[in-house]
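Have a look at model12.cif below; it lists mmCIF, C-alpha atoms and all ligand atoms.
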data_data
loop_
_atom_site.label_atom_id
_atom_site.label_comp_id
_atom_site.auth_asym_id
_atom_site.auth_seq_id
_atom_site.Cartn_x
_atom_site.Cartn_y
_atom_site.Cartn_z
CA MET A 1 0.00 0.00 0.00
CA TRP A 2 1.20 3.47 -0.87
CA ASN A 3 2.44 5.20 2.23
CA VAL A 4 2.21 8.96 1.72
CA THR A 5 4.08 9.66 4.92
CA SER A 6 7.21 8.12 3.42
CA THR A 7 7.21 10.50 0.44
CA PRO A 8 10.25 12.74 0.77
CA GLN A 9 9.18 16.32 1.39
CA PRO A 10 11.39 19.21 0.27
CA ASP A 11 12.69 21.43 3.02
CA PRO A 12 11.25 24.89 2.16
CA ALA A 13 14.28 26.59 3.67
CA ALA A 14 16.58 24.67 1.32
CA LEU A 15 14.81 25.76 -1.87
CA PRO A 16 15.25 28.98 -3.80
CA SER A 17 12.61 31.48 -2.81
CA ALA A 18 9.90 32.49 -5.24
CA LEU A 19 6.78 33.49 -3.34
CA ASP A 20 4.76 34.79 -6.27
CA GLY A 21 7.69 37.01 -7.08
CA ALA A 22 7.67 38.79 -3.73
CA GLN A 23 11.08 39.77 -2.45
CA ILE A 24 11.79 37.68 0.62
CA VAL A 25 13.70 39.34 3.42
CA VAL A 26 15.01 36.82 5.94
CA GLY A 27 15.82 37.59 9.55
CA ALA A 28 17.84 35.51 12.01
CA ALA A 29 16.63 35.22 15.59
CA ILE A 30 19.99 34.23 17.06
CA ILE A 31 19.32 32.93 20.55
CA ARG A 32 21.92 32.34 23.24
CA HIS A 33 21.29 31.74 26.95
CA GLY A 34 17.64 32.74 26.60
CA ARG A 35 18.35 36.05 24.85
CA VAL A 36 17.90 37.06 21.22
CA LEU A 37 20.27 39.28 19.31
CA ALA A 38 18.72 42.52 18.05
CA ALA A 39 20.47 44.99 15.76
CA GLN A 40 19.94 48.73 15.39
CA ARG A 41 19.76 49.91 11.78
CA ALA A 42 22.13 52.59 10.59
CA THR A 43 20.43 53.24 7.23
CA PRO A 44 18.33 54.47 5.48
CA PRO A 45 17.51 57.65 7.43
CA ALA A 46 13.83 56.65 7.78
CA ALA A 47 14.81 53.37 9.49
CA ALA A 48 17.98 54.47 11.27
CA GLY A 49 17.76 53.94 15.01
CA ARG A 50 15.06 51.27 14.69
CA TRP A 51 15.82 47.66 15.65
CA GLU A 52 15.61 44.56 13.51
CA PHE A 53 16.88 41.03 13.16
CA PRO A 54 20.15 40.52 11.30
CA GLY A 55 19.48 39.39 7.75
CA GLY A 56 18.48 40.85 4.43
CA LYS A 57 17.16 40.17 0.98
CA VAL A 58 17.40 36.68 -0.48
CA ASP A 59 19.31 36.91 -3.75
CA PRO A 60 17.86 35.30 -6.92
CA GLY A 61 18.63 31.56 -6.87
CA GLU A 62 19.85 31.69 -3.28
CA THR A 63 18.25 29.62 -0.55
CA GLU A 64 16.89 31.39 2.51
CA THR A 65 19.32 29.48 4.70
CA ALA A 66 22.26 30.56 2.55
CA ALA A 67 21.08 34.17 2.63
CA LEU A 68 20.91 34.13 6.42
CA VAL A 69 24.37 32.60 6.75
CA ARG A 70 25.82 35.12 4.28
CA GLU A 71 24.17 38.14 5.88
CA CYS A 72 25.30 37.18 9.38
CA ILE A 73 28.90 36.91 8.21
CA GLU A 74 28.63 40.31 6.47
CA GLU A 75 26.75 42.13 9.22
CA LEU A 76 28.01 40.50 12.41
CA GLY A 77 31.15 38.56 11.53
CA VAL A 78 29.68 35.33 12.86
CA ARG A 79 28.70 31.92 11.54
CA ILE A 80 25.21 30.75 12.41
CA GLY A 81 23.25 27.53 12.17
CA VAL A 82 19.72 28.06 10.89
CA GLY A 83 16.76 26.34 12.53
CA GLY A 84 13.00 26.49 12.09
CA ARG A 85 10.64 29.34 11.27
CA VAL A 86 9.18 31.63 13.92
CA GLY A 87 5.87 33.41 13.45
CA ALA A 88 4.13 34.12 10.16
CA ASP A 89 5.36 35.97 7.09
CA VAL A 90 5.00 39.70 7.63
CA PRO A 91 4.12 41.77 4.54
CA MET A 92 6.01 45.03 4.30
CA VAL A 93 5.02 48.30 2.66
CA ASN A 94 7.35 47.83 -0.31
CA GLY A 95 5.72 44.51 -1.29
CA ALA A 96 8.48 42.47 0.28
CA VAL A 97 7.85 39.82 2.93
CA LEU A 98 9.77 39.43 6.18
CA ARG A 99 10.39 35.85 7.31
CA LEU A 100 12.09 34.96 10.60
CA TYR A 101 14.16 31.87 11.42
CA LEU A 102 15.61 30.64 14.69
CA ALA A 103 19.38 30.49 14.68
CA ASP A 104 22.32 29.39 16.83
CA LEU A 105 25.71 31.00 17.06
CA LEU A 106 28.32 28.55 15.76
CA ALA A 107 31.44 30.70 15.67
CA GLY A 108 32.44 34.24 16.51
CA GLU A 109 31.10 36.99 18.71
CA PRO A 110 28.58 39.34 17.03
CA ARG A 111 29.89 42.80 16.20
CA ALA A 112 27.94 45.70 14.71
CA LEU A 113 29.79 45.79 11.38
CA GLU A 114 26.88 47.45 9.54
CA HIS A 115 24.53 48.36 12.39
CA LEU A 116 24.77 51.09 15.01
CA GLU A 117 24.63 48.58 17.85
CA VAL A 118 23.76 44.98 18.63
CA ARG A 119 22.17 43.91 21.86
CA TRP A 120 21.09 40.62 23.50
CA LEU A 121 17.49 40.93 24.71
CA SER A 122 15.69 38.69 27.20
CA ALA A 123 11.94 38.13 26.91
CA ASP A 124 11.41 40.94 29.44
CA GLU A 125 13.54 43.30 27.37
CA LEU A 126 11.91 42.76 23.97
CA ASP A 127 9.81 45.90 24.37
CA SER A 128 12.78 48.00 25.42
CA VAL A 129 13.82 48.86 21.84
CA PRO A 130 11.86 50.50 18.99
CA TRP A 131 11.53 47.69 16.44
CA LEU A 132 10.90 48.28 12.77
CA PRO A 133 7.13 47.95 12.28
CA ALA A 134 7.30 44.53 10.59
CA ASP A 135 9.47 43.13 13.37
CA ALA A 136 7.22 43.84 16.33
CA PRO A 137 4.91 40.81 15.83
CA LEU A 138 7.91 38.56 15.23
CA ALA A 139 9.61 39.75 18.41
CA ALA A 140 6.44 38.86 20.30
CA ALA A 141 6.39 35.40 18.69
CA LEU A 142 9.86 34.78 20.11
CA VAL A 143 8.83 34.95 23.75
CA PRO A 144 8.27 31.17 24.14
CA HIS A 145 11.77 30.58 22.74
CA LEU A 146 13.47 32.87 25.28
CA THR A 147 13.68 30.81 28.39
CA GLY A 148 16.69 30.16 30.51
N1 LIG A 201 17.47 42.60 7.50
C1 LIG A 201 16.28 42.97 7.94
N2 LIG A 201 15.54 43.83 7.20
C2 LIG A 201 14.35 44.19 7.69
C3 LIG A 201 13.86 43.71 8.90
N3 LIG A 201 12.62 44.26 9.13
C4 LIG A 201 12.36 45.07 8.09
O1 LIG A 201 11.36 45.76 7.93
N4 LIG A 201 13.41 45.02 7.20
C5 LIG A 201 13.46 45.75 5.94
C6 LIG A 201 14.53 46.82 5.90
C7 LIG A 201 14.88 46.87 4.44
O2 LIG A 201 13.90 47.67 3.78
C8 LIG A 201 14.68 45.44 3.99
C9 LIG A 201 15.94 44.62 4.02
O3 LIG A 201 16.98 45.33 3.49
P1 LIG A 201 18.49 45.12 3.93
O4 LIG A 201 19.20 46.36 3.59
O5 LIG A 201 18.60 44.63 5.33
O6 LIG A 201 18.87 43.91 3.01
P2 LIG A 201 20.15 43.74 2.11
O7 LIG A 201 21.35 43.90 2.99
O8 LIG A 201 19.99 42.47 1.38
O9 LIG A 201 19.96 44.98 1.14
P3 LIG A 201 20.86 45.65 0.06
O10 LIG A 201 21.73 46.60 0.84
O11 LIG A 201 21.59 44.55 -0.63
O12 LIG A 201 19.85 46.36 -0.79
O13 LIG A 201 13.75 44.86 4.88
C10 LIG A 201 14.64 42.80 9.66
O14 LIG A 201 14.27 42.33 10.75
N5 LIG A 201 15.84 42.46 9.14
#

For the structure just supplied, provide its representation as C-alpha cells.
Ligand SMILES: Nc1nc2c([nH]c(=O)n2[C@H]2C[C@H](O)[C@@H](COP(=O)(O)OP(=O)(O)OP(=O)(O)O)O2)c(=O)[nH]1
Amino acid sequence: MWNVTSTPQPDPAALPSALDGAQIVVGAAIIRHGRVLAAQRATPPAAAGRWEFPGGKVDPGETETAALVRECIEELGVRIGVGGRVGADVPMVNGAVLRLYLADLLAGEPRALEHLEVRWLSADELDSVPWLPADAPLAAALVPHLTG
C-alpha cells in the first residue's frame, strides 16, 4: 500500500525562494542563553535607530538558509546555524515579505559591522527597543523561545 508519509518532502528553507515574485527578506533570531540578538539599523535615514533582526534580501537563486548565513557573516562577523521558522510571514510596505528563522551562534562573537549597535534581549527586554514595524509581531512570537 502506498504510504504517503514516506514520500520525501522538500525542506522549504533549502529551496530557492519564489513566493509569487515577492522579495523575501530573511531575519535571524539568534538565541543564546535565553536572549535574542537585536540589531539597530544605521540606514536608510527613515529606518535608522530602529531595531531589527540581522538578515536581508534573499538573492535570486539563493536559498533562505544561505542568505541568512551570508548576511550574518557580512553584518556580524559570525557563523550561524539556521533552525525552524518563527511566526508568520509579515508583509512590508514595499511589497516584500519578512520571514524569521531561529538560529544558533556557531562561531564568533557578534559585532555591529553594519549596524549602530547589537544587543542581546531577554523576553522581558523585547519591548525596550523600537523595532521596525514589521518586526514587532515577530519579536512577540519569540517569547516562548526565550527561556533560561
Ligand atoms: N534585514 C532585515 N531587514 C528588515 C527587517 N525588518 C524590516 O522591515 N526590514 C526591511 C529593511 C529593508 O527595507 C529590507 C531589508 O533590506 P536590507 O538592507 O537589510 O537587506 P540587504 O542587505 O539584502 O539589502 P541591500 O543593501 O543589498 O539592498 O527589509 C529585519 O528584521 N531584518

Notebook entry, point to check: Residues at most 6 Å from ligand LIG 201 (chain A), using only C-alpha atoms and all ligand atoms? Could they come as a ChimeraX atom specification?
Noted result: /A:25,27,52-57,132,134-135

Checklist line | Coordinates-based distance that separates atom CA of A:Leu76 from atom CA of A:Pro110 (Å, one decimal) | finding: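 Separation of atom CA of A:Pro110 and atom CA of A:Leu76: 4.8 Å.
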
Margin query: Please compute the atom CA of A:Glu62-atom CA of A:Glu117 distance, one decimal, in Å.
Written below: 27.5 Å

Checklist line | Separation of atom CA of A:Thr43 from atom CA of A:Arg111 in Å | finding: 16.7 Å

Item checked: Near-A:Asp124 list (12 Å; only C-alpha atoms; drop same-chain fewer than 6 positions) as a PyMOL selection string -> chain A and resi 34-36+139-140+142-144+146-147

Which protein, DNA or RNA residues have an atom at most 10 Å from (23.0, 49.9, 11.7), counting all atoms listed in the file? List them as a compact mmCIF listing (two decimals) with C-alpha atoms, in the frame of the given file.
# COMPACT_ATOMS: atom_id res chain seq x y z
CA ALA A 39 20.47 44.99 15.76
CA GLN A 40 19.94 48.73 15.39
CA ARG A 41 19.76 49.91 11.78
CA ALA A 42 22.13 52.59 10.59
CA THR A 43 20.43 53.24 7.23
CA PRO A 44 18.33 54.47 5.48
CA ALA A 47 14.81 53.37 9.49
CA ALA A 48 17.98 54.47 11.27
CA GLY A 49 17.76 53.94 15.01
CA ARG A 50 15.06 51.27 14.69
CA TRP A 51 15.82 47.66 15.65
CA GLU A 52 15.61 44.56 13.51
CA PRO A 54 20.15 40.52 11.30
CA GLU A 75 26.75 42.13 9.22
CA ALA A 112 27.94 45.70 14.71
CA LEU A 113 29.79 45.79 11.38
CA GLU A 114 26.88 47.45 9.54
CA HIS A 115 24.53 48.36 12.39
CA LEU A 116 24.77 51.09 15.01
CA GLU A 117 24.63 48.58 17.85
CA VAL A 118 23.76 44.98 18.63

Next item on the list: Go through A:Arg99, A:Ala141, A:Ala29, A:Ser128 one by one, measure the shortest atom-to-atom distance of each to A:Gly83 using only C-alpha atoms, and give the residue with the smallest value.
Entry: A:Ala29

Next item on the list: Mind checking which residues fall within 12 Å of A:Val93, counting all atoms listed in the file, ignoring those fewer than 3 positions away in the same chain, and posting them as a PyMOL selection string?
Entry: chain A and resi 22-23+90+96-98+132-134

Note to self: So that I can check the surroundings of A:Val82, please list as a ChimeraX atom specification every protein, DNA and RNA residue that reaches within 8 Å of it, counting all atoms listed in the file and ignoring chain neighbours fewer than 4 positions away.
What the structure shows: /A:28,65,68-69,101-104
